[in-house]
file run-v5.cif (mmCIF, C-alpha atoms)
data_input
#
loop_
_atom_site.label_atom_id
_atom_site.label_comp_id
_atom_site.auth_asym_id
_atom_site.auth_seq_id
_atom_site.Cartn_x
_atom_site.Cartn_y
_atom_site.Cartn_z
CA MET A 20 -87.42 34.23 -26.95
CA ARG A 21 -84.11 34.01 -25.15
CA PHE A 22 -85.03 30.53 -23.94
CA HIS A 23 -85.75 29.35 -27.50
CA LEU A 24 -82.50 30.89 -28.76
CA SER A 25 -80.51 29.16 -26.00
CA LEU A 26 -82.17 25.85 -26.80
CA VAL A 27 -81.36 26.18 -30.49
CA LEU A 28 -77.72 27.01 -29.74
CA ALA A 29 -77.44 24.06 -27.34
CA LEU A 30 -78.88 21.67 -29.92
CA ALA A 31 -76.54 23.05 -32.55
CA GLY A 32 -73.59 22.48 -30.23
CA VAL A 33 -74.64 18.90 -29.54
CA LEU A 34 -75.16 18.15 -33.21
CA GLY A 35 -71.87 19.80 -34.07
CA THR A 36 -70.08 17.59 -31.56
CA ALA A 37 -71.89 14.44 -32.56
CA GLY A 38 -71.61 15.09 -36.29
CA PRO A 39 -68.08 13.75 -36.82
CA ALA A 40 -68.80 10.73 -34.64
CA LEU A 41 -71.99 9.94 -36.55
CA ALA A 42 -70.19 10.37 -39.86
CA GLN A 43 -67.44 8.06 -38.68
CA ASP A 44 -69.96 5.41 -37.57
CA ALA A 45 -71.76 5.71 -40.91
CA ALA A 46 -68.50 5.07 -42.77
CA LEU A 47 -67.51 2.14 -40.55
CA GLY A 48 -67.11 -0.91 -42.78
CA SER A 49 -66.24 0.92 -45.99
CA ASN A 50 -62.55 0.13 -45.51
CA VAL A 51 -60.52 -2.19 -43.33
CA GLN A 52 -58.45 0.56 -41.72
CA GLY A 53 -61.49 2.06 -40.02
CA LEU A 54 -62.45 -1.35 -38.66
CA LEU A 55 -58.96 -1.87 -37.23
CA GLU A 56 -58.95 1.52 -35.53
CA HIS A 57 -62.36 0.88 -34.00
CA ALA A 58 -61.32 -2.56 -32.75
CA ARG A 59 -58.07 -1.28 -31.22
CA ALA A 60 -60.03 1.26 -29.19
CA GLN A 61 -63.14 -0.77 -28.33
CA ASN A 62 -62.32 -4.48 -28.14
CA PRO A 63 -62.79 -5.59 -24.48
CA GLU A 64 -60.47 -8.61 -24.67
CA LEU A 65 -57.63 -6.40 -25.88
CA ALA A 66 -58.37 -3.88 -23.13
CA SER A 67 -58.30 -6.63 -20.48
CA MET A 68 -54.93 -7.90 -21.71
CA ARG A 69 -53.49 -4.37 -21.59
CA LEU A 70 -54.65 -4.08 -17.99
CA GLU A 71 -53.13 -7.47 -17.17
CA ALA A 72 -49.82 -6.29 -18.63
CA ASP A 73 -50.05 -3.13 -16.52
CA ALA A 74 -50.75 -5.26 -13.44
CA ALA A 75 -47.72 -7.43 -14.21
CA ALA A 76 -45.56 -4.30 -14.50
CA GLN A 77 -46.59 -3.28 -10.99
CA ARG A 78 -45.20 -6.56 -9.61
CA VAL A 79 -41.61 -5.87 -10.64
CA GLN A 80 -40.70 -3.44 -7.85
CA PRO A 81 -42.24 -5.52 -5.02
CA ALA A 82 -40.51 -8.65 -6.32
CA GLY A 83 -37.08 -7.16 -5.66
CA ALA A 84 -37.93 -5.28 -2.47
CA LEU A 85 -36.83 -6.26 1.00
CA PRO A 86 -39.51 -7.88 3.16
CA ASP A 87 -41.08 -5.68 5.80
CA PRO A 88 -39.17 -5.50 9.09
CA VAL A 89 -40.62 -7.26 12.13
CA LEU A 90 -41.07 -5.74 15.57
CA ARG A 91 -41.37 -8.14 18.49
CA VAL A 92 -42.34 -6.99 21.99
CA GLU A 93 -41.73 -9.37 24.92
CA LEU A 94 -43.16 -8.55 28.37
CA MET A 95 -41.01 -10.30 30.98
CA ASN A 96 -42.17 -10.98 34.55
CA VAL A 97 -45.68 -9.66 34.00
CA ASN A 98 -46.72 -10.83 37.47
CA ASN A 99 -43.92 -8.65 38.97
CA TYR A 100 -42.49 -11.47 41.05
CA GLY A 101 -40.15 -10.04 43.66
CA ASN A 102 -41.75 -6.60 43.42
CA ASP A 103 -44.51 -5.03 45.42
CA ALA A 104 -46.66 -4.47 42.29
CA GLY A 105 -49.14 -7.02 40.98
CA PHE A 106 -49.96 -8.43 37.55
CA ASN A 107 -49.73 -5.84 34.75
CA LEU A 108 -49.37 -5.73 30.96
CA LEU A 109 -48.11 -2.17 30.55
CA PRO A 110 -44.47 -2.09 29.34
CA ASN A 111 -43.40 0.36 32.06
CA LYS A 112 -45.22 -1.58 34.81
CA VAL A 113 -43.73 -5.05 34.30
CA GLY A 114 -40.42 -6.40 35.44
CA GLU A 115 -38.76 -6.03 32.04
CA THR A 116 -39.79 -5.27 28.44
CA ARG A 117 -37.67 -6.42 25.53
CA TYR A 118 -38.14 -4.91 22.02
CA THR A 119 -36.68 -6.72 19.03
CA LEU A 120 -36.58 -5.04 15.59
CA MET A 121 -35.62 -7.56 12.87
CA GLN A 122 -34.93 -7.27 9.15
CA MET A 123 -34.57 -10.33 6.96
CA LEU A 124 -31.89 -10.03 4.23
CA PRO A 125 -32.12 -12.53 1.34
CA ALA A 126 -28.90 -14.15 0.18
CA TRP A 127 -26.85 -12.18 -2.32
CA GLY A 128 -28.46 -11.96 -5.76
CA LYS A 129 -31.88 -13.34 -4.85
CA ARG A 130 -33.64 -9.97 -4.98
CA ASP A 131 -32.25 -9.19 -8.42
CA LEU A 132 -33.26 -12.62 -9.71
CA ARG A 133 -36.80 -12.23 -8.38
CA ARG A 134 -37.00 -8.84 -10.05
CA ASP A 135 -35.75 -10.36 -13.32
CA VAL A 136 -38.36 -13.12 -13.15
CA ALA A 137 -41.09 -10.52 -12.64
CA ALA A 138 -39.71 -8.42 -15.52
CA ALA A 139 -39.83 -11.49 -17.77
CA ASP A 140 -43.49 -11.94 -16.79
CA VAL A 141 -44.13 -8.33 -17.86
CA GLN A 142 -42.50 -8.99 -21.21
CA GLN A 143 -44.65 -12.09 -21.64
CA ALA A 144 -47.81 -10.17 -20.82
CA THR A 145 -46.86 -7.35 -23.18
CA ALA A 146 -46.05 -9.81 -25.97
CA ARG A 147 -49.31 -11.68 -25.40
CA THR A 148 -51.17 -8.37 -25.71
CA ALA A 149 -49.40 -7.65 -28.98
CA GLY A 150 -50.14 -11.20 -30.12
CA ALA A 151 -53.82 -10.78 -29.28
CA TRP A 152 -53.88 -7.63 -31.39
CA THR A 153 -52.19 -9.26 -34.39
CA GLU A 154 -54.62 -12.18 -34.12
CA LEU A 155 -57.60 -9.84 -33.90
CA ALA A 156 -56.29 -7.72 -36.78
CA MET A 157 -55.88 -10.85 -38.91
CA LYS A 158 -59.46 -11.92 -38.18
CA ILE A 159 -60.77 -8.45 -39.05
CA LYS A 160 -58.79 -8.31 -42.29
CA THR A 161 -59.99 -11.80 -43.22
CA GLY A 162 -63.57 -10.96 -42.24
CA TYR A 163 -63.47 -7.78 -44.30
CA ALA A 164 -62.21 -9.74 -47.33
CA ARG A 165 -65.16 -12.15 -46.98
CA TYR A 166 -67.53 -9.22 -46.49
CA TYR A 167 -66.16 -7.59 -49.65
CA LEU A 168 -66.43 -10.87 -51.58
CA ALA A 169 -70.07 -11.37 -50.56
CA SER A 170 -70.95 -7.76 -51.39
CA GLN A 171 -69.25 -7.83 -54.78
CA ASN A 172 -70.74 -11.22 -55.63
CA GLU A 173 -74.16 -9.79 -54.87
CA ARG A 174 -73.46 -6.78 -57.05
CA LEU A 175 -72.16 -9.00 -59.87
CA THR A 176 -75.20 -11.27 -59.68
CA ARG A 177 -77.50 -8.25 -59.94
CA GLU A 178 -75.59 -7.05 -63.00
CA ILE A 179 -75.87 -10.47 -64.65
CA LEU A 180 -79.55 -10.55 -63.70
CA ASP A 181 -80.03 -7.26 -65.54
CA LEU A 182 -78.14 -8.72 -68.47
CA MET A 183 -80.40 -11.76 -68.49
CA GLY A 184 -83.39 -9.40 -68.48
CA ARG A 185 -82.09 -7.79 -71.67
CA ILE A 186 -81.40 -11.21 -73.18
CA GLU A 187 -84.95 -12.24 -72.34
CA GLN A 188 -86.25 -9.15 -74.15
CA ILE A 189 -84.22 -10.12 -77.22
CA ALA A 190 -85.60 -13.67 -77.05
CA GLN A 191 -89.15 -12.38 -76.66
CA ALA A 192 -88.71 -10.09 -79.65
CA ARG A 193 -87.35 -12.90 -81.81
CA TYR A 194 -90.13 -15.22 -80.61
CA SER A 195 -92.73 -12.57 -81.52
CA GLY A 196 -91.23 -12.45 -84.97
CA GLY A 197 -91.39 -16.22 -85.26
CA LEU A 198 -87.60 -16.49 -85.50
CA VAL A 199 -87.05 -18.69 -82.42
CA ALA A 200 -89.06 -21.02 -80.22
CA GLN A 201 -90.75 -19.84 -77.04
CA GLN A 202 -88.35 -22.11 -75.17
CA ASP A 203 -85.61 -19.45 -75.46
CA ALA A 204 -87.62 -16.88 -73.51
CA ILE A 205 -88.64 -19.49 -70.94
CA ARG A 206 -85.02 -20.55 -70.41
CA ALA A 207 -84.06 -16.90 -69.89
CA GLN A 208 -86.76 -16.58 -67.25
CA ILE A 209 -85.60 -19.77 -65.52
CA GLU A 210 -82.04 -18.43 -65.48
CA GLN A 211 -83.26 -15.21 -63.83
CA THR A 212 -85.22 -17.17 -61.21
CA THR A 213 -82.07 -19.15 -60.39
CA MET A 214 -80.11 -15.92 -59.96
CA ARG A 215 -82.77 -14.45 -57.69
CA SER A 216 -82.46 -17.56 -55.52
CA GLU A 217 -78.69 -17.07 -55.47
CA LEU A 218 -79.20 -13.46 -54.42
CA ILE A 219 -81.04 -14.68 -51.32
CA MET A 220 -78.07 -16.88 -50.41
CA LEU A 221 -75.58 -14.12 -51.15
CA ASP A 222 -77.52 -11.70 -48.96
CA ALA A 223 -77.40 -14.26 -46.14
CA GLU A 224 -73.63 -14.62 -46.65
CA LYS A 225 -73.20 -10.86 -46.47
CA ARG A 226 -75.25 -10.61 -43.30
CA GLN A 227 -73.20 -13.43 -41.76
CA ALA A 228 -69.98 -11.66 -42.68
CA ARG A 229 -71.34 -8.45 -41.19
CA ALA A 230 -72.28 -10.25 -37.97
CA ARG A 231 -68.78 -11.76 -37.68
CA LEU A 232 -67.18 -8.36 -38.15
CA ASN A 233 -69.47 -6.77 -35.57
CA ALA A 234 -68.54 -9.49 -33.08
CA LEU A 235 -64.84 -8.73 -33.61
CA LEU A 236 -65.62 -5.03 -33.13
CA ALA A 237 -67.56 -5.68 -29.90
CA ARG A 238 -70.78 -4.41 -31.49
CA ASP A 239 -74.26 -5.87 -31.74
CA ALA A 240 -74.51 -8.53 -34.43
CA GLY A 241 -77.15 -6.54 -36.28
CA ALA A 242 -75.35 -3.19 -36.07
CA PRO A 243 -75.12 -1.51 -39.48
CA LEU A 244 -71.91 -1.54 -41.48
CA ALA A 245 -71.23 0.46 -44.62
CA GLU A 246 -70.80 -1.37 -47.88
CA PRO A 247 -67.14 -2.29 -48.48
CA VAL A 248 -65.57 -0.01 -51.05
CA ALA A 249 -62.18 -1.48 -51.89
CA LEU A 250 -59.56 -3.97 -50.76
CA ARG A 251 -56.12 -2.98 -49.57
CA PRO A 252 -53.43 -2.87 -52.26
CA LEU A 253 -51.14 -5.87 -52.21
CA PRO A 254 -47.46 -5.25 -51.42
CA ALA A 255 -44.92 -5.47 -54.20
CA VAL A 256 -43.55 -8.90 -55.02
CA THR A 257 -40.09 -7.75 -53.90
CA ALA A 258 -41.49 -7.12 -50.40
CA LEU A 259 -42.60 -10.75 -50.08
CA GLU A 260 -39.21 -12.48 -50.19
CA ALA A 261 -39.47 -15.56 -47.96
CA ALA A 262 -36.07 -15.34 -46.24
CA ALA A 263 -36.45 -11.66 -45.39
CA LEU A 264 -39.96 -12.17 -44.04
CA ALA A 265 -38.81 -15.15 -41.97
CA GLN A 266 -36.13 -12.96 -40.43
CA ARG A 267 -38.69 -10.25 -39.67
CA ALA A 268 -40.97 -12.86 -38.11
CA ARG A 269 -38.21 -14.08 -35.81
CA ALA A 270 -37.59 -10.51 -34.71
CA GLY A 271 -41.14 -9.17 -34.52
CA ASN A 272 -43.63 -12.00 -34.00
CA PRO A 273 -45.37 -11.46 -30.64
CA GLN A 274 -45.85 -15.17 -30.02
CA LEU A 275 -42.11 -15.75 -30.42
CA ALA A 276 -41.42 -12.76 -28.17
CA ALA A 277 -43.68 -14.22 -25.49
CA GLU A 278 -41.95 -17.60 -25.69
CA ASP A 279 -38.54 -15.94 -25.58
CA ALA A 280 -39.59 -14.01 -22.47
CA ARG A 281 -40.87 -17.26 -20.95
CA LEU A 282 -37.47 -18.85 -21.58
CA ARG A 283 -35.63 -15.94 -19.95
CA GLY A 284 -37.96 -16.10 -16.96
CA ALA A 285 -37.39 -19.86 -16.65
CA GLU A 286 -33.61 -19.36 -16.76
CA LYS A 287 -33.79 -16.72 -14.02
CA GLY A 288 -36.05 -19.04 -12.01
CA ARG A 289 -33.50 -21.83 -12.36
CA GLU A 290 -30.75 -19.55 -11.07
CA LEU A 291 -32.98 -18.48 -8.19
CA ALA A 292 -33.63 -22.13 -7.28
CA ARG A 293 -29.87 -22.68 -7.15
CA ARG A 294 -29.41 -19.62 -4.93
CA ASN A 295 -31.80 -21.16 -2.42
CA ARG A 296 -28.89 -23.39 -1.36
CA TYR A 297 -27.53 -20.39 0.50
CA PRO A 298 -29.14 -19.22 3.75
CA ASP A 299 -30.98 -15.98 4.31
CA VAL A 300 -29.89 -13.79 7.20
CA THR A 301 -32.01 -11.86 9.67
CA LEU A 302 -30.43 -9.01 11.63
CA GLY A 303 -31.95 -7.33 14.64
CA ILE A 304 -31.41 -4.96 17.55
CA THR A 305 -32.89 -5.54 21.00
CA PRO A 306 -33.31 -2.68 23.48
CA THR A 307 -34.52 -3.69 26.97
CA GLN A 308 -36.77 -1.45 29.07
CA MET A 309 -37.05 -1.49 32.85
CA GLY A 310 -39.58 0.92 34.23
CA SER A 311 -39.64 3.99 32.03
CA ARG A 312 -36.08 3.81 30.67
CA ILE A 313 -33.95 1.67 28.36
CA THR A 314 -31.33 -0.07 30.47
CA SER A 315 -29.52 -2.25 27.93
CA TRP A 316 -29.08 -2.95 24.21
CA GLY A 317 -28.55 -6.20 22.38
CA ALA A 318 -27.97 -7.39 18.83
CA MET A 319 -29.05 -10.59 17.09
CA VAL A 320 -28.27 -12.57 13.94
CA GLU A 321 -30.62 -15.29 12.67
CA VAL A 322 -29.70 -17.67 9.85
CA ASN A 323 -31.95 -20.31 8.34
CA ILE A 324 -30.17 -23.61 7.85
CA PRO A 325 -30.79 -25.18 4.38
CA LEU A 326 -30.92 -28.81 5.53
CA GLN A 327 -33.74 -30.04 3.25
CA GLN A 328 -31.44 -30.87 0.36
CA ALA A 329 -33.83 -33.36 -1.23
CA THR A 330 -36.47 -30.64 -1.48
CA ARG A 331 -34.01 -28.20 -2.99
CA ARG A 332 -32.72 -30.74 -5.50
CA ALA A 333 -36.31 -31.39 -6.59
CA GLN A 334 -36.93 -27.66 -6.96
CA GLU A 335 -33.76 -27.26 -9.01
CA ALA A 336 -34.73 -30.23 -11.22
CA GLU A 337 -38.15 -28.69 -11.74
CA ALA A 338 -36.60 -25.35 -12.72
CA GLU A 339 -34.21 -27.12 -15.12
CA ALA A 340 -37.13 -28.97 -16.74
CA MET A 341 -39.03 -25.71 -17.12
CA VAL A 342 -36.05 -24.20 -18.94
CA GLY A 343 -35.88 -27.17 -21.30
CA ALA A 344 -39.62 -27.03 -21.94
CA ALA A 345 -39.52 -23.30 -22.64
CA ARG A 346 -36.59 -23.72 -25.04
CA SER A 347 -38.31 -26.54 -26.92
CA ARG A 348 -41.56 -24.58 -27.10
CA LEU A 349 -39.71 -21.58 -28.51
CA GLN A 350 -38.12 -23.71 -31.21
CA ALA A 351 -41.43 -25.40 -32.04
CA VAL A 352 -43.22 -22.07 -32.39
CA ALA A 353 -40.42 -20.70 -34.59
CA ASN A 354 -40.57 -23.77 -36.85
CA GLN A 355 -44.36 -23.58 -37.09
CA LEU A 356 -44.29 -19.90 -37.98
CA VAL A 357 -41.71 -20.39 -40.71
CA GLY A 358 -43.77 -23.25 -42.15
CA ASP A 359 -46.99 -21.22 -42.03
CA LEU A 360 -45.19 -18.30 -43.64
CA GLY A 361 -44.00 -20.40 -46.57
CA GLU A 362 -47.47 -21.90 -47.05
CA ASN A 363 -49.21 -18.53 -47.07
CA LEU A 364 -46.62 -16.96 -49.36
CA ALA A 365 -47.17 -19.74 -51.89
CA ALA A 366 -50.94 -19.33 -51.66
CA LEU A 367 -50.68 -15.55 -52.01
CA ASP A 368 -48.48 -15.91 -55.08
CA ALA A 369 -50.99 -18.36 -56.61
CA ALA A 370 -53.92 -16.02 -55.88
CA ARG A 371 -52.05 -13.07 -57.35
CA SER A 372 -51.18 -15.04 -60.50
CA THR A 373 -54.76 -16.30 -60.83
CA GLU A 374 -56.19 -12.79 -60.53
CA ALA A 375 -53.73 -11.48 -63.11
CA LEU A 376 -54.51 -14.30 -65.53
CA VAL A 377 -58.25 -13.76 -65.22
CA ALA A 378 -57.94 -9.98 -65.56
CA ARG A 379 -55.64 -10.11 -68.58
CA GLN A 380 -57.02 -13.07 -70.50
CA SER A 381 -60.15 -14.83 -69.26
CA LEU A 382 -62.20 -11.71 -68.54
CA PRO A 383 -61.48 -9.86 -71.83
CA GLN A 384 -62.05 -13.07 -73.77
CA SER A 385 -65.34 -13.73 -71.97
CA GLU A 386 -66.56 -10.17 -72.55
CA LEU A 387 -65.70 -10.42 -76.24
CA SER A 388 -67.38 -13.81 -76.45
CA LEU A 389 -70.56 -12.48 -74.80
CA ARG A 390 -70.81 -9.45 -77.09
CA SER A 391 -70.28 -11.68 -80.10
CA ALA A 392 -72.84 -14.21 -78.82
CA ILE A 393 -75.51 -11.53 -78.29
CA ALA A 394 -74.94 -10.06 -81.73
CA SER A 395 -74.95 -13.51 -83.36
CA TYR A 396 -78.13 -14.51 -81.55
CA GLU A 397 -79.88 -11.34 -82.67
CA ASN A 398 -78.89 -12.13 -86.25
CA GLY A 399 -79.96 -15.75 -85.98
CA LYS A 400 -76.44 -17.11 -86.30
CA LEU A 401 -76.24 -18.62 -82.81
CA ASP A 402 -78.62 -20.69 -80.68
CA PHE A 403 -79.75 -19.72 -77.19
CA THR A 404 -77.72 -22.45 -75.47
CA ALA A 405 -74.46 -20.94 -76.73
CA LEU A 406 -75.61 -17.49 -75.57
CA LEU A 407 -76.33 -18.80 -72.07
CA GLU A 408 -72.92 -20.46 -71.99
CA ALA A 409 -71.23 -17.17 -72.94
CA GLN A 410 -73.13 -15.41 -70.13
CA ARG A 411 -72.07 -18.07 -67.64
CA GLN A 412 -68.45 -17.83 -68.75
CA ILE A 413 -68.23 -14.11 -68.13
CA ARG A 414 -69.91 -14.50 -64.77
CA LYS A 415 -67.50 -17.28 -63.81
CA ALA A 416 -64.52 -15.16 -64.89
CA ARG A 417 -65.64 -12.23 -62.77
CA MET A 418 -66.35 -14.44 -59.76
CA ASP A 419 -62.98 -16.16 -60.14
CA ARG A 420 -61.30 -12.77 -60.12
CA LEU A 421 -63.18 -11.71 -56.97
CA LYS A 422 -62.33 -15.00 -55.23
CA ALA A 423 -58.65 -14.63 -56.14
CA GLN A 424 -58.61 -11.05 -54.80
CA ALA A 425 -60.26 -12.11 -51.52
CA GLU A 426 -57.95 -15.10 -51.18
CA ALA A 427 -54.91 -12.87 -51.66
CA GLN A 428 -56.18 -10.52 -48.94
CA MET A 429 -56.75 -13.38 -46.49
CA ARG A 430 -53.30 -14.82 -47.16
CA LEU A 431 -51.76 -11.37 -46.73
CA ALA A 432 -53.55 -11.04 -43.38
CA GLU A 433 -52.03 -14.34 -42.25
CA ILE A 434 -48.55 -13.28 -43.37
CA GLU A 435 -48.87 -9.99 -41.48
CA ARG A 436 -49.94 -11.89 -38.37
CA ILE A 437 -46.86 -14.08 -38.63
CA VAL A 438 -44.50 -11.15 -39.29
CA GLY A 439 -46.13 -9.11 -36.54
CA GLU A 440 -46.69 -5.93 -38.57
CA ASP A 441 -48.36 -4.62 -41.70
CA LEU A 442 -46.44 -4.99 -44.95
#
call {"tool": "encode", "arguments": {"input": "run-v5.cif", "output": "structure tokens"}}
result
Amino acid sequence: MRFHLSLVLALAGVLGTAGPALAQDAALGSNVQGLLEHARAQNPELASMRLEADAAAQRVQPAGALPDPVLRVELMNVNNYGNDAGFNLLPNKVGETRYTLMQMLPAWGKRDLRRDVAAADVQQATARTAGAWTELAMKIKTGYARYYLASQNERLTREILDLMGRIEQIAQARYSGGLVAQQDAIRAQIEQTTMRSELIMLDAEKRQARARLNALLARDAGAPLAEPVALRPLPAVTALEAAALAQRARAGNPQLAAEDARLRGAEKGRELARRNRYPDVTLGITPTQMGSRITSWGAMVEVNIPLQQATRRAQEAEAEAMVGAARSRLQAVANQLVGDLGENLAALDAARSTEALVARQSLPQSELSLRSAIASYENGKLDFTALLEAQRQIRKARMDRLKAQAEAQMRLAEIERIVGEDL
């Protein structure tokens, strides 16, 4: 009895722990925020870039550190010439042992410049990680918009299919009463068959969108996703002012930050190449041992002589070219981002205007036209062709609205990638 009670309690504890996780997995896909949170925690490419940035950060301190000192041991007169002893390699058994402890000291400023170059590499790696996240977030937001569009198109087609079923019933009733030809009912059935064929294609589109999202989330392609519930609300028009967003992009875009860090690293590398004109110095002390005691001390200074001027001039020219390339790349990226921003803002404004126009005019007009067409057909005042046209108009209006909403979401995702943050 106690065993069964313990087993029940253990199972309850496991289920209680797993319950929130299972509920969270079941809701994954219902909104874009949950997808973004899952991707931030689980995406392996993002995790690898974070680790690369951490590895780059660990290179800063060694870059500016002094090189390890060098200890040299010289055994002089190992054959003990002039002494009674024979050949020996023990320091206290040879004629003389000289110890030299040396420390190389780079020319003034080189250590700081090497540290600055490494720090610029860290900033590049960090910015690339942020850029990878903004790119991934944009793909997820875009994928979710397509997933939502496919799901809503499927739902809309099913609703219109139900509507066509009711229209077919009306046609059958009028045909039974001898008021219309059988052709009306047949055309209604053909229309339904066409919609069922479209449902197959829409289901394939939804499964493809689900597979793309699962790939971005590092999940199996066939892993289940909840049905999308709603799109994100669009920001206010006042928050989409082109000049202000361009300024935010220059300050917060990760790709620009990476190129700016590359430029700073290239400038520090150029300065370091120039500092290589000056020699490095090695200092050392040299105690000398005879027998078991130190008998004398010496000091040494070693200086490398920078004679290979052609090599150094080539290195400095290379560093100068790298600075120019980094500066040009930074300007090119900035120009491209500003151009992309303007293009996506225009497209977002067009999608927003289209959605508003359809919602305020086309959709109400199409709904009114359909109701009027059904009533007129039932009363024999309208032919079946006009009724089908009214049905197609309302379907087109609803699909146009869905497409405009999805397009606005995709353009917003691109703008947020360019700006480097959510709006």
call {"tool": "closest_residue", "arguments": {"input": "run-v5.cif", "among": "A:Ala351, A:Leu264, A:Ile324, A:Ala280", "to": "A:Val136", "atoms": "all atoms listed in the file"}}
result
A:Ala280
call {"tool": "resolve_selection", "arguments": {"input": "run-v5.cif", "expression": "the PyMOL selection byres ((chain A and resi 231) around 12)", "output": "PDB file with C-alpha atoms, in the frame of the given file"}}
result
ATOM      1  CA  LEU A 155     -57.600  -9.840 -33.900  1.00  0.00           C
ATOM      2  CA  LYS A 158     -59.460 -11.920 -38.180  1.00  0.00           C
ATOM      3  CA  ILE A 159     -60.770  -8.450 -39.050  1.00  0.00           C
ATOM      4  CA  LYS A 160     -58.790  -8.310 -42.290  1.00  0.00           C
ATOM      5  CA  THR A 161     -59.990 -11.800 -43.220  1.00  0.00           C
ATOM      6  CA  GLY A 162     -63.570 -10.960 -42.240  1.00  0.00           C
ATOM      7  CA  TYR A 163     -63.470  -7.780 -44.300  1.00  0.00           C
ATOM      8  CA  ALA A 164     -62.210  -9.740 -47.330  1.00  0.00           C
ATOM      9  CA  ARG A 165     -65.160 -12.150 -46.980  1.00  0.00           C
ATOM     10  CA  TYR A 166     -67.530  -9.220 -46.490  1.00  0.00           C
ATOM     11  CA  GLU A 224     -73.630 -14.620 -46.650  1.00  0.00           C
ATOM     12  CA  LYS A 225     -73.200 -10.860 -46.470  1.00  0.00           C
ATOM     13  CA  ARG A 226     -75.250 -10.610 -43.300  1.00  0.00           C
ATOM     14  CA  GLN A 227     -73.200 -13.430 -41.760  1.00  0.00           C
ATOM     15  CA  ALA A 228     -69.980 -11.660 -42.680  1.00  0.00           C
ATOM     16  CA  ARG A 229     -71.340  -8.450 -41.190  1.00  0.00           C
ATOM     17  CA  ALA A 230     -72.280 -10.250 -37.970  1.00  0.00           C
ATOM     18  CA  LEU A 232     -67.180  -8.360 -38.150  1.00  0.00           C
ATOM     19  CA  ASN A 233     -69.470  -6.770 -35.570  1.00  0.00           C
ATOM     20  CA  ALA A 234     -68.540  -9.490 -33.080  1.00  0.00           C
ATOM     21  CA  LEU A 235     -64.840  -8.730 -33.610  1.00  0.00           C
ATOM     22  CA  LEU A 236     -65.620  -5.030 -33.130  1.00  0.00           C
ATOM     23  CA  ALA A 237     -67.560  -5.680 -29.900  1.00  0.00           C
ATOM     24  CA  ARG A 238     -70.780  -4.410 -31.490  1.00  0.00           C
ATOM     25  CA  ASP A 239     -74.260  -5.870 -31.740  1.00  0.00           C
ATOM     26  CA  ALA A 240     -74.510  -8.530 -34.430  1.00  0.00           C
ATOM     27  CA  GLY A 241     -77.150  -6.540 -36.280  1.00  0.00           C
ATOM     28  CA  ALA A 242     -75.350  -3.190 -36.070  1.00  0.00           C
ATOM     29  CA  LEU A 244     -71.910  -1.540 -41.480  1.00  0.00           C
TER      30      LEU A 244
END
call {"tool": "closest_residue", "arguments": {"input": "run-v5.cif", "among": "A:Arg91, A:Ala394, A:Thr176, A:Arg206", "to": "A:Arg417", "atoms": "all atoms listed in the file"}}
result
A:Thr176
call {"tool": "closest_residue", "arguments": {"input": "run-v5.cif", "among": "A:Pro252, A:Gly343, A:Pro325, A:Pro243", "to": "A:Ser49", "atoms": "all atoms listed in the file"}}
result
A:Pro243
call {"tool": "closest_atom_pairs", "arguments": {"input": "run-v5.cif", "of": "stretch 226-318 of chain A", "to": "stretch 106-115 of chain A", "cutoff": "8 Å", "atoms": "all atoms listed in the file", "output": "CSV"}}
result
residue,atom,partner,partner_atom,distance
A:Thr307,CA,A:Glu115,CA,7.0
A:Gln308,CA,A:Glu115,CA,5.8
A:Met309,CA,A:Glu115,CA,4.9
A:Gly310,CA,A:Asn111,CA,4.4
A:Ser311,CA,A:Asn111,CA,5.2
call {"tool": "residues_around", "arguments": {"input": "run-v5.cif", "residues": "stretch 127-130 of chain A", "least_positions_apart": "4", "cutoff": "7 Å", "atoms": "all atoms listed in the file", "output": "list in words"}}
result
Gly83, Ala84, Arg134, Leu291 and Arg294 of chain A
call {"tool": "residues_around", "arguments": {"input": "run-v5.cif", "residues": "stretch 434-437 of chain A", "least_positions_apart": "5", "cutoff": "9 Å", "atoms": "all atoms listed in the file", "output": "ChimeraX atom specification"}}
result
/A:150,153-154,156-157,264-265,268,271-274,356-357,359-360,363-364,429,442
call {"tool": "closest_residue", "arguments": {"input": "run-v5.cif", "among": "A:Val438, A:Arg332, A:Ala276, A:Glu286", "to": "A:Ala261", "atoms": "only C-alpha atoms"}}
result
A:Val438
call {"tool": "residues_around", "arguments": {"input": "run-v5.cif", "residues": "A:Ile186", "least_positions_apart": "6", "cutoff": "12 Å", "atoms": "all atoms listed in the file", "output": "JSON, numbers by chain"}}
result
{"A": [179, 180, 192, 193, 203, 204, 205, 206, 207, 208, 210, 211, 389, 390, 392, 393, 394, 396, 397, 403, 406, 407, 409, 410]}
call {"tool": "closest_residue", "arguments": {"input": "run-v5.cif", "among": "A:Ala277, A:Ala353, A:Leu421, A:Met341", "to": "A:Val377", "atoms": "all atoms listed in the file"}}
result
A:Leu421
call {"tool": "atom_distance", "arguments": {"input": "run-v5.cif", "atom1": "atom CA of A:Val79", "atom2": "atom CA of A:Ala137"}}
result
5.1 Å
call {"tool": "residues_around", "arguments": {"input": "run-v5.cif", "residues": "A:Ala139", "least_positions_apart": "4", "cutoff": "10 Å", "atoms": "all atoms listed in the file", "output": "VMD selection string"}}
result
chain A and resid 75 to 76 79 133 to 135 143 to 145 277 279 to 285 287
call {"tool": "atom_distance", "arguments": {"input": "run-v5.cif", "atom1": "atom CA of A:Trp152", "atom2": "atom CA of A:Ser347"}}
result
24.9 Å
